[in-house]
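A short worksheet on the structure shown next.
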Amino acid sequence: MEIETVPSESKPESNPLPPKPKFEPLKAHEMSDGRVQFRKVSVPPHRYSPLKKYWMDIYTPVYEQMKIDIRMNLKARKVELKTRQDTPDISNLQKCADFVQAFMLGFDVPDAIALLRLDELYVESFEIKDVKTLRGEHLSRAIGRLSGKGGKTKFAIENSTKTRTVIADTKIHILGSFANIKIARDSLCSLILGSPAGKVYSKLRQVSARLAERF
Amino acid sequence: MIPSAMASSTETALESLHHIKSTEPPEWLVPKQELSQAVRAASKLLFSSLKPYCPKSPFDQLLTEGFDVEQIWQQIDLQSQPLLSSLRREVKKFEKHPEEISKLKDGGVGGGEKKKKVLEQIETDNVVNDDEDDDDMDMDEDDDDEEEEDEEGEEEEKERGTEEESENEGEEKGGIEDKFLKIKELQEYLEEDEAREFGLKKKKTKAESKKEEEDTEEEGDDDDEEDENEGSEDDDDEAEEEEDELGLFDGNDEEDEDDLENARYEDFFSRKKNKSSKEKAKSRDMLEEDSGSDDEQDVDKRKDGPSKHEKELDKLRSKIEEMEKANLDPKVWTMRGEVTAAQRQKNSALEVDLDFEHNVRPAPVITEEVTASLEDLIKTRISEGLFDDVQKARTSSSKAPREIKELDESKSKKALAEVYEEEFVQKTDPASALLTFSDELKKEASMLFKKLCLKLDALSHFHFTPKPVVEDMSIQTNVPALAMEEIAPMAVSDAAMLAPEEVFSGKGDIKEEAELTKAERKRRRANKKRKFKAEAAKRMGKKA
C-alpha cells in the first residue's frame with residue numbers, strides 16, 4: 001500500500017483546494033502492511049471429537065462464505081484462521097473466530113452459525129460462583145435447577161428469549177442478542193439463587209409476551 | 001210400759017254412769033265387757049237427754065245392740081255436729097249482747113241443780129280430759145274405750161261455757177292433732193321462747209290482764225263461772241293458762257300495750273298467791289313445770305335485769321358495731337372491682353354464681369331428632385337434585401381472549417440462526433407471517449378432525465346440516481391491515497390492526513425491576529401492600 005502524501009502547498013485564493021483523495025477500504029490482506037491476520041482458537045479436550053465430527057460443517061461456511069482460511073493444528077490443539085487475499089472484510093476473521101470459539105464453548109454448529117450471519121449476537125459467559133457461592137450438594141442442586149427435568153427449563157428459557165445456553169458444570173454461556181442475553185441471564189441467575197422454576201416461567205412468559213408485542 | 005221401762009233404763013244408765021266415774025283410769029286400759037256395757041248404757045242416756053235440744057237428729061235414741069262401735073260413733077256424731085254449731089252461734093250472740101245472758105240467768109236460777117250437775121260434769125270432764133290425754137299417749141288401747149271416752153268428752157263439752165269450749169275447739173282440731181303434734185305443746189313451747197326473749201314479768205302481767213279479761217268476760221257470761229273462778233282455783237289457773245296459750249298466738253302487742261296500763265300491785269307483790277295456786281295444780285301438766293320455772297326466773301330478773309328498752313338499745317348498738325367493723329375491714333373479693341385469681345382464695349370463684357357473656361354460640365346438642373332431621377333433609381335434596389353448588393361467576397369479556405403464547409419446553413428444532421432469520425423476514429416482509437407453534441398444532445388437529453368428519457358423513461350418506469362455525473378465539477397479529485389483505489404489498493401502511501391498548505394495556509412508564517430507583521421500588525411495594533390490605537378487609541367484612 002502506498003502512502004500518498006498530501007501536497008504541502010496549497011494554492012492561494014485564486015486556486016481551489018485540490019480534490020480530496022479517495023481511498024478504497026483496506027482489505028484484510030492489506031492491513032498491517034500486507035501481513036496476514038491470524039486467529040487461533042484453542043480446542044478443549046472434550047470438544048475434540050465433536051470437532052472432528054462437525055469439521056466439514058465448520059469448515060464450509062468459514063471457507064466458502066467468509067473467505068477465511070481455517071485449519072486445525074493438531075500438535076498445538078488449536079484451530080487457526082487466516083485471512084486470504086479475497087477476504088472482503090476484516091470483521092469476517094473476527095466473526096469466524098467467534099464462531100469457532102462458540103463451538104468450542106459447546107454450542108451447536110447451526111446455532112453458532114447465527115454468529116456468522118448476524119452482527120449483533122454475542123456470547124456471554126459467567127460462572128455460578130459469580131452469582132452465589134455454593135458448595136457441594138447445593139451446587140449440584142443449583143445446576144439441576146438450571147437445567148430442569150430433561151432440560152425443559154433450559155429449553156424454556158432458550159425458546160422464550162431466542163438465545164442458546166450452554167451449562168458446562170459451573171460455567172454458563174449464553175449466545176444471543178444483547179437484550180435477550182440479559183433476560184436469559186436474569187432467569188438463570190434467579191434459578192441459581194433458588195427461585196422455583198414456575199416463578200421463572202411466569203416471568204419469562206411476561207417478558208416474551210412483551211418482546212413479541214414490541215415492534 | 002215404755003216410760004217405766006224408760007225410767008228403769010235411765011236408772012240403770014245413771015248407775016252405769018256412776019260406775020264409769022268411779023272406775024280407776026288404769027282399768028280402762030284393759031278391755032272389759034261390763035265396762036263397755038256400762039258405757040253403752042250411759043251413752044244411751046246422754047243421747048236421749050240431749051235429743052230435745054237438737055231438732056234435726058234422725059235418731060230418737062242411740063241404737064247400741066248389734067251395732068258396731070263405728071256406727072254408734074256415727075250416730076252420736078250426727079247428733080252432736082249441728083248441736084255444736086248452734087251452741088257456738090248462741091255463745092257468739094251472748095258475746096255481743098251480754099244483756100241476754102241475764103235473761104237466761106233468770107231462767108236458769110231455777111235449774112241450780114242442773115248447774116251443779118254441770119259443775120260435776122266439768123270436773124269429770126277434766127278427769128276425762130286427762131284420761132284422754134293419757135290414752136292418746138298410750139299406743140296399746142282398745143278402740144272401743146278410746147272412742148267411748150271421746151264420745152263422752154264431747155257430750156260433756158256441749159254443756160259447758162266459753163272457757164272449755166275454747167279448749168275443745170283446740171281438741172276438735174283433730175285433723176291437725178295426733179300423737180306427734182299437740183297444739184297445747186306447741187303453745188307451751190312458744191310461751192317458753194317468748195318468755196326467754198322478753199322477760200317473764202310481761203308474761204305475768206299479761207296473765208293478770210288475761211285474767212281480768214276473763215273476769216270481765218265471765219262476769220258477763222255466767223255467774224257460776226265467776227264462782228268457779230273464785231271457788232275452783234284449779235280451773236281458774238288452768239283456764240288462765242289455757243287462755244295464755246291461745247292468747248300468745250295473738251301476739252305480744254297486747255302484752256306491751258297492756259303492760260303499763262294494767263300494771264298493778266298484784267303484779268309486783270302477789271307472788272305468793274300465784275305460787276301456791278300453781279303448786280295446787282296438777283303435776284302432770286307440763287305447763288306447771290314451765291310456769292314454775294318461769295316464776296323463779298321472773299323473780300330474779302325483776303330486780304337486776306335491764307329493761308326491755310335497754311335491751312333493745314344494746315342490741316342496736318351491737319348491730320351498729322358489727323356493721324362499722326364490717327365497713328372498716330377490707331371488702332369481700334366479690335365486692336371489689338376487678339379481681340384476678342391471685343387476689344382471691346383458691347376455688348372461691350366456684351362458690352359464687354358467676355354470670356358472664358359467652359361470645360361463642362353454644363355447641364349444638366346432637367340428639368336423635370337432630371340427626372334424623374338432617375338425614376331427611378339430605379334425602380330430599382338428593383331426590384330433588386337440589387344441591388347448593390357454587391356457581392362460577394363468568395367474567396363477561398368484552399373482547400375475545402387473546403392467544404396465550406405457550407412456553408415451549410422442548411429443544412428448539414430451529415437453529416438460532418433460523419430463528420433470527422424468521423424474525424428478520426417478518427420484519428421486512430410482513431405478509432409472510434409464519435405459523436406459530438400453536439397454529440401448527442391447530443392445523444394438525446383440524447386435519448385429523450376433517451378426516452374423521454368425512455368418515456362420519458359417509459355413514460350418514462352425506463345428508464347432514466353442518467354446524468355453524470363459532471369462533472371462540474380471535475387471533476390478531478399486530479400486522480398492518482393492508483399487509484393482511486395484499487399478498488405483495490407495494491407500500492406498507494402505518495395503520496396496525498391492533499389498537500394501542502390491545503397491544504399493551506398499562507399505565508405510565510413501564511420500567512423493569514432493575515431499572516427502578518429505590519424510591520420507586522418502595523412505592524410499588526407500598527401500593528401492593530395497600531391493595532392486599534384492602535382486599536383482606538373486604539374479605540373480613542364479607543365473613544362477619
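Chain identifiers are assigned as A, B, and so on, following the order in which chains appear in the C-alpha cells; residues are numbered from 1 within each chain, and ligands are numbered from 1 in order of appearance.
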
Would you mind listing, for every residue of chain B within 9 Å of chain A, the two atoms forming the shortest contact and the distance between them in Å to one decimal, using only C-alpha atoms, sorted by chain and ascending residue number, as a tab-separated table?
residue	atom	partner	partner_atom	distance
B:Ile404	CA	A:Ala209	CA	8.6
B:Lys405	CA	A:Ala209	CA	7.0
B:Glu406	CA	A:Arg205	CA	7.9
B:Leu407	CA	A:Ala156	CA	6.1
B:Asp408	CA	A:Ala156	CA	5.6
B:Glu409	CA	A:Ala156	CA	4.5
B:Ser410	CA	A:Phe155	CA	5.7
B:Lys411	CA	A:Phe155	CA	5.4
B:Ser412	CA	A:Asn159	CA	6.5
B:Lys414	CA	A:Pro110	CA	8.7
B:Ala415	CA	A:Asp111	CA	5.2
B:Leu416	CA	A:Asp111	CA	4.8
B:Ala417	CA	A:Ala114	CA	4.1
B:Glu418	CA	A:Ala114	CA	7.8
B:Val419	CA	A:Lys162	CA	7.2
B:Tyr420	CA	A:Ala114	CA	7.8
B:Glu421	CA	A:Ala114	CA	8.9
B:Lys427	CA	A:Phe215	CA	8.6
B:Asn478	CA	A:Glu213	CA	7.6
B:Val503	CA	A:Glu213	CA	6.4
B:Phe504	CA	A:Glu213	CA	7.5

Taking the chain letters and numbering used in this document, name the residues of segment 62-149 of chain A that DSSP puts in alpha helix (DSSP H), as a count of residues only.
40

If you run DSSP on this backbone, which residues of segment 4-99 of chain A come out as strand (DSSP E), and could you give them as a PyMOL selection string?
chain A and resi 38-42+68-73+78-83

Could you name the residues that touch segment 59-74 of chain A at 8 Å or less, counting only C-alpha atoms, but leaving out those on the same chain fewer than 6 positions away, as a count of residues only?
11

Residue with the minimum atom-to-atom distance to Ile143 of chain A, picked from A:Pro44, A:Pro50, A:Gly194, A:Pro16 with only C-alpha atoms counted, is A:Gly194
